[in-house]
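Notes for the one structure printed next.
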Amino acid sequence: MEYNFDNVINRHNTNSYKWDAADAELLPMWVADMDFEVPPPIKDAILIRAEHGIFGYSLPQESYYEAIISWEKRRHGWAIEKEWITFSPGIVPAVNMLVRALAQPGDKVIVQTPVYYPFFNAIINNGCQIEKNSLNFQNKKYLMDFEDLERKVKDPRAKLLILCSPHNPVGRVWTREELVRLGELCVANDVTVISDEIHCDLIFKGHKHLPFAALDKRFAKNSVTCIAPSKTFNLAGLQTSAVIIPNAKLRGRFSNVLVSDGLRSPNPFGITALEAAYNHGEPWLEQLMDYLSDNVDFLIRFVEERLPMVEVIKPEGTYLVWMDFRKLGLDPDTLEDLMLKKARVWLDEGYIFGRGGEGFERINVACPRSLLKQGLQRIERAVNSL
């Protein structure tokens, strides 16, 4: 079956955080959800569940766990066990609860900036300190700074490292060598890794996602992995994520926080959607990745031909593209005004991702190409007005 990703669907007045949070004249290309309809098997499964008409407290059955286990094995070669799987209403809530479960107030949590900005609040709001292990930017590619990381993990106050894999916003899909080196440093210094792998299914050709915990039994015992169908299949609003914790002691500490927060299980539509996505969504996903790859290529060509002062960091994974506007010579506030007030395009400003993000913008290309073209044309007009 051929899927039509060029179809523009009006999302206004649907309680959309992306489309209804600002005035209708702004073109939103910031929030990381897609402007594509979900695969038909997911929609059909939800409609069948809705026909039942009763939506009480829900309990995942064996099929829920089997769907997750089968997906991870089939897509990523990771053999996980049912008892390792715990529930979370989202990855951001999970990271917050994990910081609270696995660290004490005053402890340091390492992040690799520029990085997904909700990590910062998860650390600060739970009484811990942010420790930045900034990525190195060389030849339009981001690399881990292992010399700095080695210094940071040796600090006895450093207890956690949040690994963004694939990395948001810079689009890196980390190699085996990079992940093993990071894992060895963390194991040697008793720093637990929280691996946010929410974008793990969105990998472009030529690259391969490697689950951190699957690389070494020691890494599995020293880590927690967060996954979800939300980015892959555009299901974020159904708030169903999985936190995979092979280490029983760590799992118990996380489960205690879940109970204390009154979180028991996914909602009924989230359960249904996850099973349908992981069991029947692969053909749609394969076509999606081809379309996203073409969108990235379209963006790169447009920028090279019409915005020569801007550089695109080509992503290896995710549908988020990191763009370098520093040659325009604008301070962060002026660049933000240029996008919002002149271009009338809502992007995620680079500075919110922490150190190294100033002068960059993150754009979401998971939309019909006509919307992507419209957004780029608006940016072109605004830049030309300088």
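Residues in the structure tokens are numbered from 1 in each chain, the chains being A, B, ... in the order shown, and ligands are numbered from 1 in the order shown.
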Residues at most 9 Å from Leu285 (chain A), counting only C-alpha atoms, excluding those fewer than 6 positions away in the same chain, as a PyMOL selection string?
chain A and resi 39+201-202+232-233
Near-Asn10 (chain A) list (12 Å; only C-alpha atoms; drop same-chain fewer than 6 positions) as a list in words
Ser16, Lys18, Trp19, Asp20, Ala24, Asp35, Phe36, Glu37, Cys367, Pro368 and Leu371 of chain A
Would you kindly return, as a ChimeraX atom specification, each protein, DNA or RNA residue with an atom no farther than 9 Å from any atom of Phe119 (chain A), considering only C-alpha atoms and excluding same-chain residues fewer than 6 positions away?
/A:92,95-96,111,162
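With only C-alpha atoms as the atoms that count, the minimum distance from Ala228 (chain A) to the choices A:Trp71, A:Trp78, A:Trp346, A:Tyr291 is reached by A:Trp71.
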Which residue of A:Phe212, A:Tyr17, A:Phe254, A:Trp174 approaches Val99 (chain A) most closely, using only C-alpha atoms:
A:Phe254
For Leu161 (chain A), the nearest of the candidates A:Lys132, A:Arg264, A:His280, A:Arg218, counting only C-alpha atoms:
A:Lys132
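Among A:Gly375, A:Pro211, A:Pro41, A:Gly106, the residue with the shortest atom-to-atom distance to Phe302 (chain A), counting only C-alpha atoms, is A:Gly375.
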Identify all residues of region 267-351 of chain A in strand (DSSP E or B) (DSSP on the backbone) and supply them as a ChimeraX atom specification.
/A:311-313,317,320-324,345-346,348-349
Can you tell me which residues surround Ala343 (chain A) at a distance of at most 10 Å, considering only C-alpha atoms, apart from same-chain residues fewer than 6 positions away, and format the answer as a list in words?
Leu26, Leu27, Glu336, Asp337, Gly375, Leu376, Gln377, Arg378, Ile379, Glu380, Arg381, Ala382, Val383 and Ser385 of chain A
Got a sec: who's within 9 Å of Ile271 (chain A), counting only C-alpha atoms, leaving out chain neighbours fewer than 6 positions off, as a PyMOL selection string?
chain A and resi 58-61+64+238+240
Would you pick out the contacts of Gly270 (chain A) at 9 Å or less, using only C-alpha atoms, so that residues sharing its chain but fewer than 2 positions from it are not included, and give the list as a ChimeraX atom specification?
/A:46,235,237-241,266-268,272-275
Export of prior selection with C-alpha atoms as an mmCIF file, in the first residue's frame:
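Ended up saving to again_7.cif:
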data_model
loop_
_atom_site.group_PDB
_atom_site.id
_atom_site.type_symbol
_atom_site.label_atom_id
_atom_site.label_comp_id
_atom_site.auth_asym_id
_atom_site.auth_seq_id
_atom_site.Cartn_x
_atom_site.Cartn_y
_atom_site.Cartn_z
ATOM 1 C CA ILE A 46 -8.525 2.709 18.081
ATOM 2 C CA LEU A 235 1.191 8.952 19.062
ATOM 3 C CA GLY A 237 -0.876 12.550 22.740
ATOM 4 C CA LEU A 238 -1.755 9.007 23.853
ATOM 5 C CA GLN A 239 0.995 9.192 26.485
ATOM 6 C CA THR A 240 2.247 5.639 26.473
ATOM 7 C CA SER A 241 5.946 4.944 26.902
ATOM 8 C CA PRO A 266 -1.448 3.292 30.298
ATOM 9 C CA ASN A 267 -4.812 4.570 29.132
ATOM 10 C CA PRO A 268 -6.863 2.108 27.052
ATOM 11 C CA THR A 272 -4.339 -0.371 21.788
ATOM 12 C CA ALA A 273 -2.268 2.047 19.719
ATOM 13 C CA LEU A 274 1.074 0.700 20.939
ATOM 14 C CA GLU A 275 0.138 -2.875 20.068
#
Restricting the calculation to only C-alpha atoms: of A:Pro229, A:Glu316, A:Thr192, A:Leu330, which residue gets closest to Leu250 (chain A)?
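Of all the options, A:Thr192 lies closest to Leu250 (chain A).
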Please list as JSON, numbers by chain every residue within 9 Å of Val365 (chain A), counting only C-alpha atoms and excluding residues in the same chain fewer than 3 positions away.
{"A": [29, 34, 292, 295, 296, 299, 319, 320, 321, 368, 369, 371, 372]}
Taking into account only C-alpha atoms, which residue in the set A:Met1, A:Val170, A:Cys164, A:Cys128 is nearest to Tyr142 (chain A)?
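Ranked by minimum distance to Tyr142 (chain A), first place goes to A:Val170.
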